[in-house]
Structures are given as structure tokens and as C-alpha cells.
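Following: one structure in C-alpha cells, then a few remarks.
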Amino acid sequence: MTIAYYDRMAEAYWDGTRDHDVSQNYASLLDAIENDPPYSILDLGCGPGRDLRHFRSLGHNAVGLDGSKEFVAMARSYSGCEVLHQDFLAMELPECRFDGIFANASLFHVPSQELPRVLRELHATLKPRGVLFSSNPHGHSEEGWSGGRYGAYHDLETWRRFMLGAGFVELTHYYRPDGLPREQQPWLASVWRK
């Protein structure tokens, strides 16, 4: 149902998100990668391709992944990058392939009971000491359907348990948007190393 929602709302979603400033998130991922550029980056839940295009513009080898066929077509056209049409719950990813994973506003769609397996798969597709960036709307472990989409809204401690359980080491975390009181910062961003 979540994928069908994004297929239906693809144009409206693109219109509403194409100009979002996520430069802080880009920097958090790229600054943590230790290998020499250009980096191999997986944009998990790439949507219409805004972030793919940004990473490619910097010279990186960016690959997108999205479950929405509408987003996949839009992202391929907009970014010129390879985009995999895969559901997060049935991914087929090569081992030790990516220097970094950019999961911006995507992993919160994974139900809690599936999250440990999905995170282990992401851990496996990273190169040694690779980096996963994640930004999710946070909450108090509420989970369920809202407006046609499934969401799991974890607090920092719960999210940390999931990530550590999958073998990641925490590098940093912060709340967004920057410079606002915490109650006006709905996004929890975090950076993790394999």
C-alpha cells in the first residue's frame, strides 16, 4: 500500500520535495566516508532522483533503489543514474559494493519486525568501514498506517538498538531542521559505520 501511495502521488511528492535543503545530510554522509572519491553510493528510497542527481554532479557513482515504479522512471530520467526497482522487504544487493548508503526519509517505512533483516542486508552491501546515513521522522515507537503509508517512528534509543544489533557503530546523530527547538525538529538523522 505504501508503494501504491507513492505511485499515485509521485508528481505531487516531487513538486513538494524537489527544493528541500538536505545539504547537511549530504555532508554528513560524504564527510564520514574514508575511501578516496569518487564514492559508490546507494540512494535507498531515491524517490524522483533529487539526491541521486546531486551525488552524480559531484562525480560519485550513485545508484538508486525504490519500490515505486513511477519514482524509478522519474529518477532514471532526472538523474541519469542506474535505479533499481526493488521493494525494501525483498532487496537483492551485492555484497561489499557501496562506500555509502543514503537513506533519507526512507527506512521509517520498514515495519519493526522486518527492520533487523533489512539493516543486516544494508550492512552486507557496504564495503568494509562503509557508512550508512539515515534520516527518519522520530517519535515514541508509534507504528502503523497513516494517510496511505506505513511508518515506524522510533526514538533515538530504539533506533540505536536496531542499528547496533545489525552490526553498525554510531558516528553521530542530530535533529533537523537545524537551529530550531527540539519540538520543532521532526527528523532524527544519524550516521553509522560498518
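Going by the C-alpha cells order, chains are called A, B, ..., each with residues numbered from 1, while ligands are numbered from 1 in the order shown.
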### Message
List the spatial neighbours of range 39-56 of chain A as a PyMOL selection string - criterion: any atom at most 6 Å away, only C-alpha atoms, same-chain residues fewer than 6 positions off excluded.
### Response
chain A and resi 62-66+71+74-75+79+98-103+106
### Query
Within 6 Å of Thr125 in chain A, counting only C-alpha atoms, which residues qualify if same-chain residues fewer than 5 places away don't, as number ranges by chain?
A: 94-97
Would you save the residues from that selection as a PDB file, in the first residue's frame, using N, CA and C atoms?
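Saved result, result-v6.pdb, follows:
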```pdb
ATOM      1  N   PRO A  94      24.317  -6.627  -4.004  1.00  0.00           N
ATOM      2  CA  PRO A  94      25.624  -7.301  -3.989  1.00  0.00           C
ATOM      3  C   PRO A  94      26.361  -7.031  -2.680  1.00  0.00           C
ATOM      4  N   GLU A  95      27.189  -7.973  -2.272  1.00  0.00           N
ATOM      5  CA  GLU A  95      27.956  -7.794  -1.038  1.00  0.00           C
ATOM      6  C   GLU A  95      29.132  -6.850  -1.260  1.00  0.00           C
ATOM      7  N   CYS A  96      29.417  -6.050  -0.237  1.00  0.00           N
ATOM      8  CA  CYS A  96      30.596  -5.168  -0.207  1.00  0.00           C
ATOM      9  C   CYS A  96      30.703  -4.290  -1.454  1.00  0.00           C
ATOM     10  N   ARG A  97      29.605  -3.698  -1.875  1.00  0.00           N
ATOM     11  CA  ARG A  97      29.556  -2.937  -3.125  1.00  0.00           C
ATOM     12  C   ARG A  97      29.688  -1.424  -2.925  1.00  0.00           C
TER      13      ARG A  97
END
```
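Shortest atom-to-atom contact with Ser23 in chain A among A:Met1, A:Cys81, A:Pro177, A:His138: A:Pro177, counting only C-alpha atoms.
Compared by their closest atoms to Leu84 in chain A, and using only C-alpha atoms, the residues A:Val72, A:Ala124, A:Leu180, A:Leu115 rank with A:Val72 nearest.
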How close does range 86-135 of chain A get to range 152-164 of chain A? List, as a tab-separated table, each residue of range 86-135 of chain A within 10 Å, its nearest atom pair and the distance in Å to one decimal, counting only C-alpha atoms.
```
residue	atom	partner	partner_atom	distance
A:Leu107	CA	A:Ala152	CA	8.6
A:Phe108	CA	A:Ala152	CA	5.1
A:His109	CA	A:Ala152	CA	6.3
A:Val110	CA	A:Ala152	CA	7.0
A:Pro111	CA	A:Ala152	CA	6.3
A:Ser112	CA	A:Ala152	CA	6.9
A:Leu115	CA	A:Phe162	CA	7.5
A:Pro116	CA	A:Phe162	CA	6.3
A:Arg117	CA	A:Phe162	CA	10.0
A:Leu119	CA	A:Met163	CA	7.1
A:Arg120	CA	A:Met163	CA	8.9
A:His123	CA	A:Met163	CA	9.5
A:Leu132	CA	A:Met163	CA	9.9
```
### Message
I need the residues in range 10-175 of chain A that are helix (DSSP H, G or I) according to DSSP; give them as number ranges by chain.
### Response
A: 10-17, 23-32, 50-57, 69-79, 88-90, 107-109, 115-125, 156-165
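By only C-alpha atoms, and with residues fewer than 3 positions from Arg149 in chain A along its chain excluded, the set lying at most 7 Å from it is A:Met1, A:Thr2, A:Tyr5, A:Trp145, A:Ser146.
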Keeping only C-alpha atoms, take the residues you just selected and write them out as a tab-separated table (two decimals), in the first residue's frame.
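Below is the file result33.tsv, written as the result:
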```
chain	number	residue	atom	x	y	z
A	1	MET	CA	0.00	0.00	0.00
A	2	THR	CA	2.88	2.41	0.75
A	5	TYR	CA	0.60	5.56	-2.43
A	145	TRP	CA	-0.75	3.29	8.83
A	146	SER	CA	-1.25	6.99	8.30
```
